[in-house]
Amino acid sequence: MSMSKDRTAALPQRAGLGLKPEHYATILADRPDVGFFEVHAENYMGAGGPPHRYLEAVADLYPLSLHGVGLSIGAARPLDREHLKRLRMLVDRYRPQSFSEHLAWSTHDSGFLNDLLPLPYTAETLARVIDHVDETQQWLGRRMLLENPSTYLLFSESTIDEIDFLAAVASRTGCGLLLDVNNVMVSAVNHRLDPVAYIDRFPIERVGEIHLAGYDETFDGAGDRLLIDAHGSAVRPDVVELFRHTLSLSGPLPTLIEWDNDVPDFATLHAEAVRADAMLSAAAPRRSVTRAA
């Protein structure tokens with residue numbers, strides 16, 4: 001069993017699971033063999049109560065990854081200082097081995113949109129995202145990981161390739177990257193691109209964590225496949241194969257199974273982690289690469 005109270009080390013190169021309230025009791029009673037647990041930061045920004053009591057107990061046993069969904073890194077307006085303060089308090093309280101956020105925006109004027117919306121990849125947007133990542137890292141006093149998005153449209157204003165955009169942010173801020181392999185598949189199918197070619201060009205040396213999830217599939221108005229980043233099912237076979245290809249380039253990396261909707265029983269969720277762990281164990285270590293912490 002992977003159990004750790006050292007919250008200063010990096011995440012283990014194993015499969016992790018999202019920590020769900022439905023599974024608190026099972027995890028604490030059975031202490032299953034899981035590499036780490038990940039939580040959405042915004043779910044734990046209250047001052048106390050049962051969520052914190054359970055998270056403290058789990059964090060004493062397992063490495064912890066903190067994943068933000070509400071910082072709105074790509075927003076045209078300044079970052080919310082109150083949100084940053086709450087995030088800093090959470091980081092100081094739990095000292096997670098990893099913190100990550102999305103390359104997206106979710107705020108406008110004084111409102112909050114319950115979605116992670118895409119950005120046009122322009123010089124103006126790049127400068128803004130770099131400033132916001134710098135500000136976040138300064139507030140938190142630590143390096144963060146930035147996640148590639150799942151997208152359903154492309155902006156005609158974009159003048160920078162997505163991978164070049166992410167690489168530029170990482171190079172100029174020192175942040176790491178979170179490679180969501182399911183997002184790669186979703187975006188590639190939706191935009192008629194090659195997901196393997198995307199992975200082959202991705203700055204793997206910057207990646208500190210991988211995400212896997214299940215997508216939903218439908219059809220657009222033209223009758224073409226349209227994938228939705230739904231997080232409500234097991235990882236699809238084509239995403240599993242893309243993950244294998246990723247590991248052939250990266251070697252083993254901390255890998256999260258995201259299953260946020262229609263959450264199954266813990267045994268079903270854990271089986272996904274066991275499958276990913278087997279692939280991680282079979283992956284040859286990559287040498288001469290400095291990992292993103």
# chains A, B, ... in the order shown; residues from 1 in each chain; ligands from 1

call {"tool": "select_by_dssp", "arguments": {"residues": "range 2-113 of chain A", "states": "alpha helix (DSSP H)", "output": "VMD selection string"}}
result
chain A and resid 24 to 30 50 to 59 81 to 94

call {"tool": "select_by_dssp", "arguments": {"residues": "range 24-238 of chain A", "states": "strand (DSSP E)", "output": "PyMOL selection string"}}
result
chain A and resi 36-40+64-67+98-102+105-108+111-117+145-147+176-180+207-213+216-219+225-228

call {"tool": "residues_around", "arguments": {"residues": "Phe165 in chain A", "least_positions_apart": "4", "cutoff": "7 Å", "atoms": "only C-alpha atoms", "output": "ChimeraX atom specification"}}
result
/A:121,126,160-161,169

call {"tool": "residues_around", "arguments": {"residues": "range 194-204 of chain A", "least_positions_apart": "5", "cutoff": "9 Å", "atoms": "only C-alpha atoms", "output": "PyMOL selection string"}}
result
chain A and resi 163-164+166-167+177+179+181+184-189+242+245-246+249-250+289+291

call {"tool": "write_last_selection", "arguments": {"atoms": "N, CA and C atoms", "output": "CSV table (one decimal), in the first residue's frame"}}
result
chain,number,residue,atom,x,y,z
A,163,ILE,N,-0.1,23.9,-28.6
A,163,ILE,CA,1.1,23.4,-28.0
A,163,ILE,C,2.2,24.4,-27.8
A,164,ASP,N,2.4,25.3,-28.8
A,164,ASP,CA,3.4,26.4,-28.7
A,164,ASP,C,2.9,27.4,-27.7
A,166,LEU,N,1.2,26.7,-24.8
A,166,LEU,CA,1.4,26.1,-23.5
A,166,LEU,C,2.9,26.0,-23.3
A,167,ALA,N,3.7,25.7,-24.3
A,167,ALA,CA,5.2,25.7,-24.1
A,167,ALA,C,5.7,27.0,-23.8
A,177,LEU,N,3.4,21.5,-16.6
A,177,LEU,CA,2.2,21.2,-17.4
A,177,LEU,C,1.5,19.9,-16.9
A,179,LEU,N,-0.8,17.1,-18.5
A,179,LEU,CA,-1.2,16.6,-19.8
A,179,LEU,C,-2.5,15.7,-19.6
A,181,VAL,N,-4.8,13.5,-21.2
A,181,VAL,CA,-4.8,12.7,-22.5
A,181,VAL,C,-6.2,12.6,-23.0
A,184,VAL,N,-6.9,15.6,-25.0
A,184,VAL,CA,-6.2,15.6,-26.3
A,184,VAL,C,-7.1,14.8,-27.3
A,185,MET,N,-7.7,13.6,-26.9
A,185,MET,CA,-8.5,12.9,-27.7
A,185,MET,C,-9.8,13.6,-28.1
A,186,VAL,N,-10.4,14.2,-27.1
A,186,VAL,CA,-11.7,15.0,-27.4
A,186,VAL,C,-11.4,16.1,-28.4
A,187,SER,N,-10.4,16.9,-28.2
A,187,SER,CA,-10.1,18.0,-29.1
A,187,SER,C,-9.7,17.5,-30.4
A,188,ALA,N,-8.9,16.5,-30.5
A,188,ALA,CA,-8.4,16.0,-31.8
A,188,ALA,C,-9.6,15.5,-32.7
A,189,VAL,N,-10.5,14.7,-32.1
A,189,VAL,CA,-11.6,14.2,-32.8
A,189,VAL,C,-12.5,15.3,-33.2
A,242,LEU,N,-3.8,5.8,-26.4
A,242,LEU,CA,-3.0,7.1,-26.4
A,242,LEU,C,-2.2,7.3,-25.2
A,245,HIS,N,0.9,5.3,-25.6
A,245,HIS,CA,1.9,6.0,-26.4
A,245,HIS,C,2.6,7.1,-25.7
A,246,THR,N,1.8,7.8,-24.9
A,246,THR,CA,2.4,8.9,-24.1
A,246,THR,C,3.5,8.4,-23.1
A,249,LEU,N,6.9,7.8,-24.4
A,249,LEU,CA,7.7,9.0,-24.6
A,249,LEU,C,8.1,9.6,-23.3
A,250,SER,N,7.3,9.5,-22.3
A,250,SER,CA,7.5,10.2,-21.0
A,250,SER,C,8.1,9.3,-19.9
A,289,VAL,N,15.6,13.7,-18.1
A,289,VAL,CA,14.5,14.6,-18.1
A,289,VAL,C,14.3,15.2,-16.7
A,291,ARG,N,11.8,16.6,-14.3
A,291,ARG,CA,10.3,16.5,-14.1
A,291,ARG,C,9.8,17.9,-13.5

call {"tool": "closest_atom_pairs", "arguments": {"of": "range 40-130 of chain A", "to": "range 209-216 of chain A", "cutoff": "10 Å", "atoms": "only C-alpha atoms", "output": "CSV"}}
result
residue,atom,partner,partner_atom,distance
A:Ser65,CA,A:Glu209,CA,9.6
A:Ser98,CA,A:Glu209,CA,8.6
A:Phe99,CA,A:Glu209,CA,9.9
A:Ser100,CA,A:Glu209,CA,9.0

call {"tool": "residues_around", "arguments": {"residues": "Ile130 in chain A", "least_positions_apart": "3", "cutoff": "12 Å", "atoms": "only C-alpha atoms", "output": "PyMOL selection string"}}
result
chain A and resi 73-75+103+123-127+133-137+146+165-175

call {"tool": "write_last_selection", "arguments": {"atoms": "N, CA, C and O atoms", "output": "compact mmCIF listing (two decimals), in the first residue's frame"}}
result
# COMPACT_ATOMS: atom_id res chain seq x y z
N ILE A 73 -7.74 31.40 -15.05
CA ILE A 73 -6.40 31.85 -15.48
C ILE A 73 -6.45 32.68 -16.76
O ILE A 73 -5.67 33.61 -16.94
N GLY A 74 -7.37 32.34 -17.67
CA GLY A 74 -7.39 33.02 -18.96
C GLY A 74 -8.32 34.22 -19.04
O GLY A 74 -8.48 34.79 -20.12
N ALA A 75 -8.95 34.60 -17.93
CA ALA A 75 -9.93 35.68 -17.97
C ALA A 75 -9.29 37.01 -18.34
O ALA A 75 -8.13 37.29 -18.02
N LEU A 103 -6.06 25.78 -18.40
CA LEU A 103 -5.91 26.85 -19.38
C LEU A 103 -7.31 27.16 -19.91
O LEU A 103 -7.77 26.58 -20.90
N ALA A 123 -1.17 36.70 -29.11
CA ALA A 123 -0.10 37.30 -28.31
C ALA A 123 -0.68 37.99 -27.08
O ALA A 123 -0.09 37.95 -25.98
N GLU A 124 -1.83 38.63 -27.23
CA GLU A 124 -2.46 39.31 -26.10
C GLU A 124 -2.88 38.32 -25.03
O GLU A 124 -2.64 38.52 -23.82
N THR A 125 -3.52 37.21 -25.45
CA THR A 125 -3.93 36.19 -24.49
C THR A 125 -2.72 35.55 -23.82
O THR A 125 -2.73 35.30 -22.61
N LEU A 126 -1.67 35.30 -24.59
CA LEU A 126 -0.46 34.70 -24.03
C LEU A 126 0.12 35.57 -22.94
O LEU A 126 0.48 35.08 -21.85
N ALA A 127 0.22 36.87 -23.18
CA ALA A 127 0.77 37.78 -22.17
C ALA A 127 -0.08 37.77 -20.90
O ALA A 127 0.45 37.78 -19.78
N VAL A 133 -0.39 33.30 -14.42
CA VAL A 133 0.34 32.16 -13.87
C VAL A 133 1.44 32.65 -12.93
O VAL A 133 1.64 32.11 -11.84
N ASP A 134 2.16 33.70 -13.34
CA ASP A 134 3.18 34.28 -12.46
C ASP A 134 2.56 34.73 -11.14
O ASP A 134 3.11 34.46 -10.05
N GLU A 135 1.45 35.44 -11.23
CA GLU A 135 0.79 35.94 -10.02
C GLU A 135 0.35 34.80 -9.11
O GLU A 135 0.53 34.85 -7.88
N THR A 136 -0.21 33.76 -9.70
CA THR A 136 -0.66 32.60 -8.92
C THR A 136 0.51 31.94 -8.20
O THR A 136 0.43 31.62 -7.00
N GLN A 137 1.60 31.73 -8.91
CA GLN A 137 2.76 31.08 -8.30
C GLN A 137 3.37 31.95 -7.19
O GLN A 137 3.83 31.43 -6.17
N LEU A 146 -0.20 23.62 -15.40
CA LEU A 146 -1.27 24.17 -16.23
C LEU A 146 -1.76 23.09 -17.19
O LEU A 146 -0.96 22.48 -17.90
N PHE A 165 1.63 27.56 -27.51
CA PHE A 165 1.11 28.46 -26.47
C PHE A 165 1.46 27.92 -25.08
O PHE A 165 2.01 28.64 -24.23
N LEU A 166 1.15 26.65 -24.84
CA LEU A 166 1.45 26.05 -23.55
C LEU A 166 2.95 26.03 -23.26
O LEU A 166 3.38 26.31 -22.14
N ALA A 167 3.73 25.70 -24.28
CA ALA A 167 5.19 25.67 -24.11
C ALA A 167 5.72 27.05 -23.76
O ALA A 167 6.63 27.18 -22.92
N ALA A 168 5.17 28.09 -24.38
CA ALA A 168 5.62 29.45 -24.10
C ALA A 168 5.29 29.87 -22.68
O ALA A 168 6.10 30.49 -21.98
N VAL A 169 4.07 29.52 -22.21
CA VAL A 169 3.70 29.84 -20.83
C VAL A 169 4.64 29.15 -19.85
O VAL A 169 5.15 29.76 -18.90
N ALA A 170 4.90 27.85 -20.09
CA ALA A 170 5.77 27.09 -19.19
C ALA A 170 7.19 27.65 -19.21
O ALA A 170 7.84 27.78 -18.16
N SER A 171 7.69 28.00 -20.39
CA SER A 171 9.06 28.51 -20.51
C SER A 171 9.22 29.85 -19.81
O SER A 171 10.23 30.09 -19.13
N ARG A 172 8.23 30.73 -19.92
CA ARG A 172 8.37 32.08 -19.41
C ARG A 172 7.95 32.24 -17.96
O ARG A 172 8.30 33.24 -17.31
N THR A 173 7.23 31.26 -17.41
CA THR A 173 6.83 31.34 -16.00
C THR A 173 7.51 30.31 -15.13
O THR A 173 7.50 30.43 -13.90
N GLY A 174 8.07 29.26 -15.74
CA GLY A 174 8.64 28.16 -14.97
C GLY A 174 7.61 27.18 -14.47
O GLY A 174 7.95 26.26 -13.71
N CYS A 175 6.34 27.35 -14.86
CA CYS A 175 5.32 26.41 -14.40
C CYS A 175 5.50 25.07 -15.11
O CYS A 175 6.17 24.97 -16.14

call {"tool": "closest_residue", "arguments": {"among": "A:His67, A:Arg88, A:His83, A:Arg244", "to": "Ser281 in chain A", "atoms": "only C-alpha atoms"}}
result
A:Arg244

call {"tool": "closest_residue", "arguments": {"among": "A:Leu154, A:Leu280, A:Leu226, A:Ala267", "to": "Thr255 in chain A", "atoms": "only C-alpha atoms"}}
result
A:Leu280

call {"tool": "closest_residue", "arguments": {"among": "A:Arg128, A:Arg236, A:Arg143, A:Arg192", "to": "Arg206 in chain A", "atoms": "only C-alpha atoms"}}
result
A:Arg143

call {"tool": "closest_residue", "arguments": {"among": "A:Phe155, A:Ser72, A:Pro96, A:Asp33", "to": "Val129 in chain A", "atoms": "only C-alpha atoms"}}
result
A:Ser72
